[in-house]
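Okay, input-v3.cif now, which holds mmCIF, C-alpha atoms (C1' of nucleotides):
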```cif
data_run
#
loop_
_atom_site.label_atom_id
_atom_site.label_comp_id
_atom_site.auth_asym_id
_atom_site.auth_seq_id
_atom_site.Cartn_x
_atom_site.Cartn_y
_atom_site.Cartn_z
CA MET V 1 0.00 0.00 0.00
CA SER V 2 1.04 3.55 0.62
CA SER V 3 4.55 3.81 1.96
CA ARG V 4 3.59 6.14 4.75
CA ALA V 5 1.65 5.04 7.80
CA ASP V 6 -0.18 8.35 8.25
CA ALA V 7 -1.58 8.10 4.74
CA ARG V 8 -2.96 4.64 5.41
CA ARG V 9 -4.45 5.82 8.69
CA ASN V 10 -6.10 8.83 7.06
CA ARG V 11 -7.50 6.71 4.28
CA GLN V 12 -8.96 4.30 6.80
CA ARG V 13 -10.48 7.11 8.85
CA LEU V 14 -12.00 8.60 5.73
CA LEU V 15 -13.57 5.29 4.78
CA GLU V 16 -15.04 4.86 8.25
CA THR V 17 -16.25 8.43 8.52
CA ALA V 18 -17.77 8.30 5.04
CA THR V 19 -19.56 5.03 5.81
CA ARG V 20 -21.05 6.58 8.94
CA LEU V 21 -22.03 9.92 7.40
CA PHE V 22 -23.44 8.33 4.26
CA ALA V 23 -25.51 5.93 6.38
CA GLU V 24 -26.77 8.73 8.62
CA ARG V 25 -27.76 11.23 5.98
CA GLY V 26 -27.55 9.64 2.56
CA ALA V 27 -24.49 9.83 0.33
CA ALA V 28 -25.99 12.58 -1.82
CA ASN V 29 -26.32 14.87 1.21
CA VAL V 30 -22.72 14.73 2.34
CA SER V 31 -20.27 17.12 0.72
CA MET V 32 -16.58 16.48 0.41
CA ASP V 33 -15.89 19.46 2.70
CA GLU V 34 -18.11 18.00 5.40
CA LEU V 35 -16.48 14.63 5.07
CA ALA V 36 -13.03 16.19 5.33
CA ALA V 37 -14.03 18.17 8.41
CA ALA V 38 -15.72 15.18 10.07
CA ALA V 39 -12.68 13.03 9.47
CA GLY V 40 -10.38 15.76 10.70
CA VAL V 41 -8.30 16.01 7.56
CA GLY V 42 -7.89 18.55 4.79
CA LYS V 43 -9.86 18.21 1.62
CA GLY V 44 -6.74 17.61 -0.41
CA THR V 45 -6.19 14.42 1.54
CA ILE V 46 -9.45 12.95 0.29
CA TYR V 47 -8.54 13.70 -3.28
CA ARG V 48 -5.03 12.36 -2.85
CA SER V 49 -6.47 9.07 -1.62
CA PHE V 50 -9.47 8.59 -3.86
CA GLY V 51 -9.02 10.83 -6.88
CA ASP V 52 -12.60 12.07 -6.93
CA ARG V 53 -16.07 11.41 -5.56
CA ALA V 54 -16.59 8.40 -7.81
CA GLY V 55 -13.31 6.94 -6.57
CA LEU V 56 -14.44 7.30 -2.99
CA ALA V 57 -17.72 5.55 -3.79
CA LEU V 58 -15.85 2.78 -5.57
CA ALA V 59 -13.56 2.33 -2.56
CA LEU V 60 -16.58 2.09 -0.26
CA LEU V 61 -18.10 -0.53 -2.55
CA ASP V 62 -14.89 -2.49 -2.71
CA GLU V 63 -15.58 -4.92 0.10
CA SER V 64 -19.05 -5.93 -1.11
CA GLU V 65 -17.84 -6.22 -4.67
CA ARG V 66 -14.94 -8.42 -3.62
CA GLU V 67 -17.33 -10.69 -1.77
CA LEU V 68 -19.43 -11.12 -4.87
CA GLN V 69 -16.36 -11.77 -7.00
CA GLU V 70 -15.22 -14.34 -4.47
CA GLY V 71 -18.61 -16.02 -4.74
CA LEU V 72 -18.34 -16.16 -8.51
CA ILE V 73 -14.90 -17.72 -8.44
CA ARG V 74 -14.97 -19.99 -5.43
CA GLY V 75 -18.56 -20.05 -4.17
CA GLU V 76 -21.09 -22.87 -4.31
CA PRO V 77 -22.94 -23.43 -7.57
CA PRO V 78 -24.99 -22.05 -9.14
CA LEU V 79 -23.25 -18.75 -8.27
CA GLY V 80 -19.83 -20.38 -8.28
CA PRO V 81 -18.42 -22.82 -10.84
CA GLY V 82 -20.11 -26.11 -11.60
CA ALA V 83 -23.61 -25.27 -12.71
CA PRO V 84 -24.62 -24.82 -16.38
CA PRO V 85 -24.15 -21.26 -17.72
CA PRO V 86 -27.82 -20.25 -17.79
CA GLU V 87 -28.23 -21.10 -14.12
CA ARG V 88 -25.07 -19.26 -13.25
CA VAL V 89 -26.28 -16.21 -15.13
CA GLY V 90 -29.49 -16.28 -13.11
CA ALA V 91 -27.57 -16.60 -9.86
CA PHE V 92 -25.30 -13.70 -10.80
CA VAL V 93 -28.26 -11.50 -11.66
CA ARG V 94 -29.86 -12.22 -8.31
CA ALA V 95 -26.66 -11.57 -6.42
CA TYR V 96 -26.08 -8.33 -8.28
CA VAL V 97 -29.62 -7.15 -7.59
CA ALA V 98 -28.94 -7.80 -3.91
CA LEU V 99 -25.82 -5.64 -4.19
CA LEU V 100 -27.86 -2.92 -5.88
CA GLU V 101 -30.52 -3.14 -3.22
CA GLU V 102 -27.96 -2.57 -0.51
CA HIS V 103 -25.76 -0.02 -2.23
CA VAL V 104 -27.66 1.81 -4.99
CA ASP V 105 -26.60 5.14 -3.62
CA LEU V 106 -22.91 4.32 -3.79
CA ILE V 107 -23.27 2.71 -7.18
CA VAL V 108 -25.02 5.78 -8.51
CA GLU V 109 -22.35 8.01 -6.98
CA SER V 110 -19.68 5.93 -8.64
CA GLN V 111 -21.30 6.66 -12.00
CA THR V 112 -22.01 10.36 -11.61
CA ALA V 113 -18.51 11.73 -12.15
CA SER V 114 -16.91 12.31 -15.52
CA ALA V 115 -17.96 10.01 -18.34
CA GLY V 116 -17.99 6.32 -17.66
CA ALA V 117 -15.90 6.13 -14.49
CA ARG V 118 -17.68 2.99 -13.44
CA TYR V 119 -17.22 1.19 -16.74
CA ARG V 120 -13.51 1.48 -16.27
CA SER V 121 -13.52 0.22 -12.68
CA GLY V 122 -11.99 -3.12 -11.91
CA ALA V 123 -15.20 -4.52 -10.49
CA HIS V 124 -17.21 -3.71 -13.57
CA GLY V 125 -14.59 -5.41 -15.70
CA ALA V 126 -14.91 -8.46 -13.49
CA TRP V 127 -18.67 -8.67 -14.02
CA ARG V 128 -18.17 -8.32 -17.73
CA ASP V 129 -15.48 -10.99 -17.79
CA HIS V 130 -17.66 -13.31 -15.78
CA LEU V 131 -20.63 -12.93 -18.12
CA ALA V 132 -18.34 -13.22 -21.13
CA LEU V 133 -16.92 -16.48 -19.83
CA LEU V 134 -20.42 -17.86 -19.28
CA ALA V 135 -21.40 -16.72 -22.76
CA ARG V 136 -18.45 -18.48 -24.41
CA THR V 137 -19.12 -21.62 -22.41
CA GLY V 138 -22.70 -21.52 -23.59
CA GLY V 139 -21.65 -20.92 -27.18
CA VAL V 140 -23.02 -17.38 -27.27
CA ASP V 141 -21.43 -14.21 -28.65
CA ASP V 142 -19.44 -12.69 -25.82
CA SER V 143 -18.33 -9.35 -27.23
CA LEU V 144 -21.26 -7.05 -26.46
CA LEU V 145 -23.93 -9.04 -24.71
CA PRO V 146 -22.26 -8.88 -21.29
CA ASP V 147 -22.15 -5.09 -21.44
CA LEU V 148 -25.79 -4.92 -22.49
CA ILE V 149 -26.91 -7.21 -19.69
CA LEU V 150 -24.97 -5.05 -17.25
CA GLY V 151 -26.76 -2.09 -18.82
CA THR V 152 -30.06 -3.49 -17.60
CA LEU V 153 -28.50 -3.52 -14.11
CA ASP V 154 -27.55 0.16 -14.23
CA GLY V 155 -27.73 1.97 -10.89
CA SER V 156 -29.95 4.88 -11.84
CA LEU V 157 -32.26 2.63 -13.82
CA TYR V 158 -32.56 0.35 -10.79
CA ARG V 159 -33.31 3.28 -8.53
CA HIS V 160 -35.89 4.57 -10.97
CA LEU V 161 -37.63 1.19 -11.14
CA ARG V 162 -37.59 0.81 -7.37
CA GLU V 163 -38.46 4.31 -6.26
CA ASN V 164 -40.40 5.93 -9.07
CA ARG V 165 -42.07 2.92 -10.56
CA GLY V 166 -42.43 0.96 -7.33
CA PHE V 167 -41.24 -2.48 -8.43
CA PRO V 168 -39.86 -4.81 -5.76
CA PRO V 169 -36.33 -6.27 -6.13
CA ASP V 170 -37.65 -9.74 -6.92
CA LEU V 171 -39.64 -8.64 -9.92
CA ILE V 172 -36.73 -6.63 -11.25
CA ALA V 173 -34.42 -9.59 -10.82
CA ASP V 174 -36.93 -11.85 -12.59
CA ALA V 175 -37.16 -9.50 -15.54
CA VAL V 176 -33.41 -9.01 -15.85
CA GLU V 177 -32.96 -12.76 -15.67
CA LEU V 178 -35.52 -13.19 -18.42
CA VAL V 179 -33.64 -10.76 -20.64
CA ALA V 180 -30.30 -12.38 -19.87
CA LEU V 181 -31.58 -15.89 -20.46
CA GLY V 182 -33.20 -14.76 -23.68
CA VAL V 183 -29.77 -14.37 -25.19
CA PHE V 184 -28.27 -17.35 -23.32
CA ARG V 185 -30.89 -19.73 -24.63
CA MET M 186 -46.40 28.74 -25.24
CA SER M 187 -45.06 31.59 -23.15
CA SER M 188 -47.42 34.53 -23.11
CA ARG M 189 -44.66 37.04 -23.69
CA ALA M 190 -42.96 37.51 -27.03
CA ASP M 191 -39.57 38.44 -25.56
CA ALA M 192 -39.49 35.20 -23.60
CA ARG M 193 -40.15 33.16 -26.74
CA ARG M 194 -37.47 35.10 -28.57
CA ASN M 195 -34.91 34.56 -25.83
CA ARG M 196 -35.69 30.87 -25.67
CA GLN M 197 -35.23 30.57 -29.40
CA ARG M 198 -31.94 32.45 -29.30
CA LEU M 199 -30.72 30.24 -26.51
CA LEU M 200 -31.58 27.11 -28.47
CA GLU M 201 -29.76 28.41 -31.54
CA THR M 202 -26.74 29.63 -29.61
CA ALA M 203 -26.52 26.38 -27.66
CA THR M 204 -26.73 24.32 -30.84
CA ARG M 205 -23.90 26.32 -32.34
CA LEU M 206 -21.65 26.37 -29.26
CA PHE M 207 -22.24 22.69 -28.52
CA ALA M 208 -21.40 21.80 -32.10
CA GLU M 209 -18.26 23.92 -32.08
CA ARG M 210 -16.77 22.83 -28.80
CA GLY M 211 -18.72 19.89 -27.45
CA ALA M 212 -21.59 20.20 -25.01
CA ALA M 213 -19.43 19.24 -22.05
CA ASN M 214 -17.10 22.19 -22.69
CA VAL M 215 -19.72 24.90 -22.67
CA SER M 216 -20.74 26.34 -19.32
CA MET M 217 -24.10 27.91 -18.62
CA ASP M 218 -22.36 31.26 -18.03
CA GLU M 219 -20.74 31.12 -21.44
CA LEU M 220 -24.00 30.20 -23.09
CA ALA M 221 -25.77 33.06 -21.37
CA ALA M 222 -23.07 35.51 -22.42
CA ALA M 223 -22.98 34.23 -26.01
CA ALA M 224 -26.74 34.49 -26.30
CA GLY M 225 -26.68 37.94 -24.73
CA VAL M 226 -29.02 37.10 -21.87
CA GLY M 227 -28.65 36.72 -18.14
CA LYS M 228 -28.10 33.31 -16.65
CA GLY M 229 -31.43 33.42 -14.88
CA THR M 230 -33.13 33.51 -18.25
CA ILE M 231 -31.70 30.11 -19.18
CA TYR M 232 -32.94 28.60 -15.97
CA ARG M 233 -36.34 30.21 -16.31
CA SER M 234 -36.73 28.65 -19.74
CA PHE M 235 -35.21 25.22 -19.23
CA GLY M 236 -35.10 24.52 -15.50
CA ASP M 237 -31.61 23.10 -15.52
CA ARG M 238 -28.88 21.76 -17.78
CA ALA M 239 -30.73 18.50 -18.37
CA GLY M 240 -33.81 20.47 -19.39
CA LEU M 241 -31.78 22.40 -21.92
CA ALA M 242 -30.39 19.17 -23.36
CA LEU M 243 -33.87 17.70 -23.53
CA ALA M 244 -35.14 20.78 -25.34
CA LEU M 245 -32.31 20.51 -27.86
CA LEU M 246 -33.17 16.86 -28.41
CA ASP M 247 -36.82 17.62 -28.80
CA GLU M 248 -36.93 17.95 -32.57
CA SER M 249 -35.07 14.70 -33.29
CA GLU M 250 -37.10 12.84 -30.71
CA ARG M 251 -40.33 14.11 -32.19
CA GLU M 252 -39.26 12.92 -35.61
CA LEU M 253 -38.64 9.44 -34.28
CA GLN M 254 -41.97 9.44 -32.45
CA GLU M 255 -43.65 10.53 -35.63
CA GLY M 256 -42.01 7.64 -37.46
CA LEU M 257 -43.26 5.19 -34.85
CA ILE M 258 -46.82 6.41 -35.06
CA ARG M 259 -47.27 7.31 -38.70
CA GLY M 260 -44.18 6.09 -40.53
CA GLU M 261 -43.79 3.24 -42.97
CA PRO M 262 -43.50 -0.25 -41.56
CA PRO M 263 -41.50 -1.81 -40.05
CA LEU M 264 -40.79 1.34 -38.00
CA GLY M 265 -44.41 2.47 -38.22
CA PRO M 266 -47.55 0.36 -37.72
CA GLY M 267 -48.26 -2.68 -39.84
CA ALA M 268 -45.29 -4.98 -39.39
CA PRO M 269 -45.20 -7.79 -36.80
CA PRO M 270 -43.90 -6.72 -33.35
CA PRO M 271 -40.45 -8.33 -33.55
CA GLU M 272 -39.68 -6.52 -36.78
CA ARG M 273 -40.92 -3.26 -35.35
CA VAL M 274 -38.74 -3.74 -32.29
CA GLY M 275 -35.72 -4.20 -34.54
CA ALA M 276 -36.59 -1.11 -36.54
CA PHE M 277 -36.99 0.93 -33.37
CA VAL M 278 -33.64 -0.24 -32.03
CA ARG M 279 -31.90 0.77 -35.25
CA ALA M 280 -33.60 4.14 -35.33
CA TYR M 281 -32.71 4.78 -31.69
CA VAL M 282 -29.08 3.83 -32.28
CA ALA M 283 -29.05 6.36 -35.11
CA LEU M 284 -30.35 8.96 -32.67
CA LEU M 285 -27.66 8.01 -30.17
CA GLU M 286 -25.01 8.20 -32.85
CA GLU M 287 -26.01 11.73 -33.69
CA HIS M 288 -26.75 13.04 -30.21
CA VAL M 289 -24.95 11.00 -27.56
CA ASP M 290 -23.57 14.11 -25.97
CA LEU M 291 -26.97 15.68 -25.49
CA ILE M 292 -28.46 12.42 -24.31
CA VAL M 293 -25.71 12.03 -21.75
CA GLU M 294 -26.18 15.63 -20.64
CA SER M 295 -29.87 15.00 -20.22
CA GLN M 296 -29.05 12.18 -17.81
CA THR M 297 -26.35 13.85 -15.74
CA ALA M 298 -28.43 16.14 -13.59
CA SER M 299 -30.28 15.08 -10.47
CA ALA M 300 -31.42 11.47 -10.33
CA GLY M 301 -33.32 10.09 -13.26
CA ALA M 302 -34.26 13.30 -15.06
CA ARG M 303 -34.32 11.48 -18.35
CA TYR M 304 -36.53 8.65 -17.16
CA ARG M 305 -39.20 11.17 -16.34
CA SER M 306 -38.97 12.98 -19.68
CA GLY M 307 -41.83 12.73 -22.11
CA ALA M 308 -39.73 11.22 -24.84
CA HIS M 309 -38.46 8.41 -22.67
CA GLY M 310 -42.02 7.64 -21.67
CA ALA M 311 -42.92 7.48 -25.34
CA TRP M 312 -40.19 4.92 -26.07
CA ARG M 313 -41.35 2.87 -23.11
CA ASP M 314 -44.97 3.05 -24.18
CA HIS M 315 -44.05 2.06 -27.71
CA LEU M 316 -42.09 -0.99 -26.59
CA ALA M 317 -44.82 -1.87 -24.10
CA LEU M 318 -47.44 -1.80 -26.83
CA LEU M 319 -45.33 -4.03 -29.03
CA ALA M 320 -44.79 -6.37 -26.09
CA ARG M 321 -48.51 -6.68 -25.40
CA THR M 322 -49.27 -7.24 -29.05
CA GLY M 323 -46.68 -10.00 -29.07
CA GLY M 324 -48.07 -11.53 -25.89
CA VAL M 325 -45.03 -10.62 -23.80
CA ASP M 326 -44.85 -9.13 -20.31
CA ASP M 327 -44.85 -5.37 -20.75
CA SER M 328 -44.21 -4.09 -17.24
CA LEU M 329 -40.44 -4.11 -16.97
CA LEU M 330 -39.00 -5.40 -20.21
CA PRO M 331 -39.34 -2.09 -22.06
CA ASP M 332 -37.34 -0.29 -19.38
CA LEU M 333 -34.65 -2.95 -19.46
CA ILE M 334 -34.33 -2.81 -23.22
CA LEU M 335 -34.03 0.96 -22.98
CA GLY M 336 -31.37 0.34 -20.34
CA THR M 337 -29.24 -1.37 -22.96
CA LEU M 338 -29.58 1.83 -25.01
CA ASP M 339 -28.31 4.06 -22.22
CA GLY M 340 -26.30 7.07 -23.35
CA SER M 341 -23.17 6.61 -21.29
CA LEU M 342 -23.10 2.89 -22.04
CA TYR M 343 -23.37 3.66 -25.74
CA ARG M 344 -20.57 6.19 -25.53
CA HIS M 345 -18.44 3.71 -23.64
CA LEU M 346 -18.99 1.00 -26.22
CA ARG M 347 -18.28 3.37 -29.07
CA GLU M 348 -15.35 5.33 -27.72
CA ASN M 349 -13.62 3.14 -25.18
CA ARG M 350 -14.38 -0.26 -26.60
CA GLY M 351 -14.39 0.78 -30.24
CA PHE M 352 -17.51 -0.97 -31.49
CA PRO M 353 -19.23 0.46 -34.57
CA PRO M 354 -22.91 1.48 -34.41
CA ASP M 355 -24.03 -1.46 -36.52
CA LEU M 356 -22.61 -4.06 -34.20
CA ILE M 357 -24.11 -2.36 -31.19
CA ALA M 358 -27.49 -2.21 -32.90
CA ASP M 359 -27.22 -5.89 -33.82
CA ALA M 360 -26.47 -6.86 -30.24
CA VAL M 361 -29.24 -4.73 -28.76
CA GLU M 362 -31.65 -6.16 -31.29
CA LEU M 363 -30.59 -9.66 -30.32
CA VAL M 364 -31.26 -8.91 -26.67
CA ALA M 365 -34.60 -7.32 -27.43
CA LEU M 366 -35.73 -10.12 -29.73
CA GLY M 367 -34.63 -12.66 -27.15
CA VAL M 368 -37.51 -11.56 -24.96
CA PHE M 369 -39.88 -10.89 -27.86
CA ARG M 370 -39.51 -14.35 -29.30
"C1'" DA A 371 20.24 11.48 17.09
"C1'" DA A 372 20.44 14.40 13.28
"C1'" DC A 373 19.53 14.92 8.57
"C1'" DA A 374 17.83 14.84 3.82
"C1'" DT A 375 14.18 14.13 1.00
"C1'" DA A 376 10.21 12.44 -0.81
"C1'" DA A 377 5.56 11.73 0.55
"C1'" DA A 378 1.66 13.65 2.30
"C1'" DC A 379 -1.04 17.40 4.09
"C1'" DG A 380 -4.43 21.21 4.22
"C1'" DG A 381 -6.85 24.95 3.09
"C1'" DA A 382 -7.13 28.88 -0.05
"C1'" DC A 383 -8.54 29.13 -4.72
"C1'" DT A 384 -11.05 28.28 -9.19
"C1'" DA A 385 -14.83 27.00 -12.00
"C1'" DC A 386 -19.34 25.82 -12.42
"C1'" DA A 387 -24.48 24.74 -11.60
"C1'" DG A 388 -28.23 26.51 -9.78
"C1'" DT A 389 -30.98 30.20 -6.72
"C1'" DC A 390 -32.84 34.60 -5.48
"C1'" DC A 391 -34.83 38.88 -5.69
"C1'" DG A 392 -34.97 43.84 -6.90
"C1'" DC A 393 -35.61 45.94 -11.33
"C1'" DT A 394 -37.36 46.23 -16.13
"C1'" DT A 395 -40.41 45.35 -19.84
"C1'" DC A 396 -44.38 43.60 -21.98
"C1'" DT A 397 -49.27 43.61 -22.69
"C1'" DA A 398 -54.21 43.67 -21.57
"C1'" DT A 399 -57.41 47.08 -20.13
"C1'" DT A 400 -59.42 51.39 -19.96
"C1'" DA U 401 -52.13 57.03 -24.49
"C1'" DA U 402 -51.76 56.00 -19.87
"C1'" DT U 403 -51.45 52.63 -16.48
"C1'" DA U 404 -51.21 48.64 -13.43
"C1'" DG U 405 -49.79 44.33 -12.68
"C1'" DA U 406 -47.91 40.26 -14.15
"C1'" DA U 407 -44.19 38.07 -16.58
"C1'" DG U 408 -39.67 38.04 -17.36
"C1'" DC U 409 -34.91 39.53 -16.70
"C1'" DG U 410 -30.09 39.60 -15.10
"C1'" DG U 411 -26.39 39.26 -12.35
"C1'" DA U 412 -24.79 38.96 -7.61
"C1'" DC U 413 -24.73 35.18 -4.51
"C1'" DT U 414 -24.39 30.32 -2.61
"C1'" DG U 415 -22.83 25.65 -2.35
"C1'" DT U 416 -19.93 22.25 -4.04
"C1'" DA U 417 -16.34 19.46 -6.72
"C1'" DG U 418 -11.88 19.47 -7.75
"C1'" DT U 419 -6.90 21.82 -8.11
"C1'" DC U 420 -2.66 23.81 -6.53
"C1'" DC U 421 1.23 24.69 -4.02
"C1'" DG U 422 3.75 26.23 0.14
"C1'" DT U 423 4.36 23.83 4.54
"C1'" DT U 424 4.74 19.84 7.49
"C1'" DT U 425 5.97 15.14 8.66
"C1'" DA U 426 7.35 10.31 8.20
"C1'" DT U 427 11.07 7.44 7.26
"C1'" DG U 428 15.54 5.54 5.52
"C1'" DT U 429 20.41 6.78 6.00
"C1'" DT U 430 24.45 8.17 8.28
#
```
Transcribe the structure of this file into structure tokens.
Amino acid sequence: MSSRADARRNRQRLLETATRLFAERGAANVSMDELAAAAGVGKGTIYRSFGDRAGLALALLDESERELQEGLIRGEPPLGPGAPPPERVGAFVRAYVALLEEHVDLIVESQTASAGARYRSGAHGAWRDHLALLARTGGVDDSLLPDLILGTLDGSLYRHLRENRGFPPDLIADAVELVALGVFR
Amino acid sequence: MSSRADARRNRQRLLETATRLFAERGAANVSMDELAAAAGVGKGTIYRSFGDRAGLALALLDESERELQEGLIRGEPPLGPGAPPPERVGAFVRAYVALLEEHVDLIVESQTASAGARYRSGAHGAWRDHLALLARTGGVDDSLLPDLILGTLDGSLYRHLRENRGFPPDLIADAVELVALGVFR
DNA sequence: AACATAAACGGACTACAGTCCGCTTCTATT
DNA sequence: AATAGAAGCGGACTGTAGTCCGTTTATGTT
């Protein structure tokens, strides 16, 4: 990691403080100045550690995203290896909807900054790779379909469907699964 | 429209000036202050007319979106009425990709502002309604699938696929069509 | 322990979206 | 034509993301 201990400590404090503040008042209602003040550091320190607001959101998502990745690689089937591709696609969709349900705010924050920050994140690449692998295994074109399926799992779309249109997570997951399986037939 | 002639005139000038500036330097590189100055009005006038940046983008998109809507309602099949639903879905996808190709920047701008501005726009509702009608006609669930298909046509995703991943419009349209037809089978 | 130096810090500063409200201009009415 | 009131205007102001750079501090070296 960072060579200096104080930097690691500050980063850790920022992550903890951000988690708390975001939980208390909603990510969208916490400014970077407030976060800096609450964590007792200068604003520059946040930006040194995380680059920008999207980077902070991505860092806060990191743990949950790693867990899901772990499940995909080493978990029990059908999420992990062993089950036929269509079932694994369904399991992934459900797991990702659970992630959305818990962290929409962060996921949306991670998208808001300058064009396509999230698409270039490591986690997003992992989801794409996973779906691409399943596609190849199932004999399906793997170049664009993974991105399109992930498009149906977009954060602001999910929030819109949940909050404005009133659909429950299960129904959304069912519909996304239907779309995904339509191409994995 | 507005009751006052000067307001209509200012709105028109703003639309023309914005079109020109956006074309010259890219929408993302034109600030609201610059636009106001270039159009010779105060900044408040922009906000009175368009609400916010997303509203301005939506207004600039209006003409092209109306054309597409017109094509859906009164155009020749397969875009217009008369062809079987799956063919009409394909035609819509291609037409929408053409719209994206021409106006990604504006479409992305129309999404950037506060949560889900675009989802609540009239045009987006029209696309959803259109796909929902086709779904019903084809005996397919129409509650969520239209939104998910539109999710695969998201502006920032499209830009990412075009600019970062290097796919040409045709391939993207093919893939989206495949996804859409997968559920409309 | 003292030092050199690179890493990290912090807060003033910039640029920008969006708000607010006192002032101006249009227009319907007489 | 004069007028009153509503509609619209404009630019100073606010809040916030992100940058910049002079100052401070951690750490490896002697």
Counting all atoms listed in the file, what is within 7 Å of segment 373-384 of chain A, bar same-chain residues fewer than 3 positions away, as a PyMOL selection string? chain V and resi 7+42-45
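Residues captured in this structure file are Asp191, Ala192, Arg193, Arg194, Asn195, Arg196, Gln197, Leu199, Leu200, Glu201, Thr202, Ala203, Thr204, Arg205, Leu206, Leu220, Ala221, Ala222, Ala223, Ala224, Gly225, Val226, Thr230, Ile231 and Ser234 of chain M, according to the PyMOL selection byres ((chain M and resi 198) around 12).
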Enumerate as a CSV table (one decimal) with C-alpha atoms (C1' of nucleotides), in the frame of the given file the residues belonging to chain U that approach chain V to within 10 Å, with only C-alpha atoms (C1' of nucleotides) taken into account.
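Here's the written file result-v2.csv:
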```csv
chain,number,residue,atom,x,y,z
U,415,DG,C1',-22.8,25.6,-2.4
U,416,DT,C1',-19.9,22.2,-4.0
U,417,DA,C1',-16.3,19.5,-6.7
U,418,DG,C1',-11.9,19.5,-7.8
U,419,DT,C1',-6.9,21.8,-8.1
U,420,DC,C1',-2.7,23.8,-6.5
U,425,DT,C1',6.0,15.1,8.7
U,426,DA,C1',7.4,10.3,8.2
U,427,DT,C1',11.1,7.4,7.3
```
Chain V contacts on chain M, only C-alpha atoms, 10 Å, as a ChimeraX atom specification: /M:213,293,296-302,304-305,326,328-330,332-339,341-346,349-350,352,356-357,359-361,363-370
Hey, can I get the axis-aligned box for segment 374-389 of chain A? All listed atoms, 6 Å padding on each side, centre and edge lengths in Å to one decimal, as JSON.
```
{"center_x": -6.6, "center_y": 21.0, "center_z": -4.1, "size_x": 60.8, "size_y": 30.5, "size_z": 28.6}
```
Given the file shown, determine the residues that the PyMOL selection byres ((chain U and resi 405) around 12) selects; report them as a tab-separated table (two decimals) with C-alpha atoms (C1' of nucleotides), in the coordinates of the input.
```tsv
chain	number	residue	atom	x	y	z
A	395	DT	C1'	-40.41	45.35	-19.84
A	396	DC	C1'	-44.38	43.60	-21.98
A	397	DT	C1'	-49.27	43.61	-22.69
A	398	DA	C1'	-54.21	43.67	-21.57
A	399	DT	C1'	-57.41	47.08	-20.13
U	403	DT	C1'	-51.45	52.63	-16.48
U	404	DA	C1'	-51.21	48.64	-13.43
U	406	DA	C1'	-47.91	40.26	-14.15
U	407	DA	C1'	-44.19	38.07	-16.58
```
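Between atom CA of Val289 of chain M and atom CA of Ala208 of chain M lies a distance of 12.2 Å.
You will find atom C1' of DA385 of chain A at 28.5 Å from atom C1' of DT424 of chain U.
With only C-alpha atoms (C1' of nucleotides) as the atoms that count, the minimum distance from chain A to the choices V:Ser110, V:Gly138, V:Arg48, V:Arg88 is reached by V:Arg48.
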Kindly resolve the PyMOL selection byres ((chain A) within 8 of (chain M)) on the present coordinates and return the residues as number ranges by chain. A: 386-388, 396
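In this model, the gap between atom CA of Asn29 of chain V and atom CA of Gly307 of chain M comes to 28.1 Å.
Close contacts of Phe92 of chain V, defined as residues with an atom at most 8 Å away when counting only C-alpha atoms (C1' of nucleotides), with chain neighbours fewer than 4 positions off set aside, comprise V:Leu72, V:Leu79, V:Arg88, V:Tyr96.
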Skipping near chain neighbours, those fewer than 6 positions away, what residues fall within 12 Å of Gln254 of chain M using all atoms listed in the file, listed as a short mmCIF file (atom, residue, chain, number, x, y, z; two decimals) with C-alpha atoms, keeping the file's coordinate frame?
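Contents of selection-v8.cif, freshly written:
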```
data_model
loop_
_atom_site.label_atom_id
_atom_site.label_comp_id
_atom_site.auth_asym_id
_atom_site.auth_seq_id
_atom_site.Cartn_x
_atom_site.Cartn_y
_atom_site.Cartn_z
CA ASP M 247 -36.82 17.62 -28.80
CA GLU M 248 -36.93 17.95 -32.57
CA GLY M 260 -44.18 6.09 -40.53
CA LEU M 264 -40.79 1.34 -38.00
CA GLY M 265 -44.41 2.47 -38.22
CA PRO M 266 -47.55 0.36 -37.72
CA PHE M 277 -36.99 0.93 -33.37
CA ALA M 280 -33.60 4.14 -35.33
CA TYR M 281 -32.71 4.78 -31.69
CA LEU M 284 -30.35 8.96 -32.67
CA GLY M 307 -41.83 12.73 -22.11
CA ALA M 308 -39.73 11.22 -24.84
CA HIS M 309 -38.46 8.41 -22.67
CA GLY M 310 -42.02 7.64 -21.67
CA ALA M 311 -42.92 7.48 -25.34
CA TRP M 312 -40.19 4.92 -26.07
CA ARG M 313 -41.35 2.87 -23.11
CA ASP M 314 -44.97 3.05 -24.18
CA HIS M 315 -44.05 2.06 -27.71
CA LEU M 316 -42.09 -0.99 -26.59
#
```
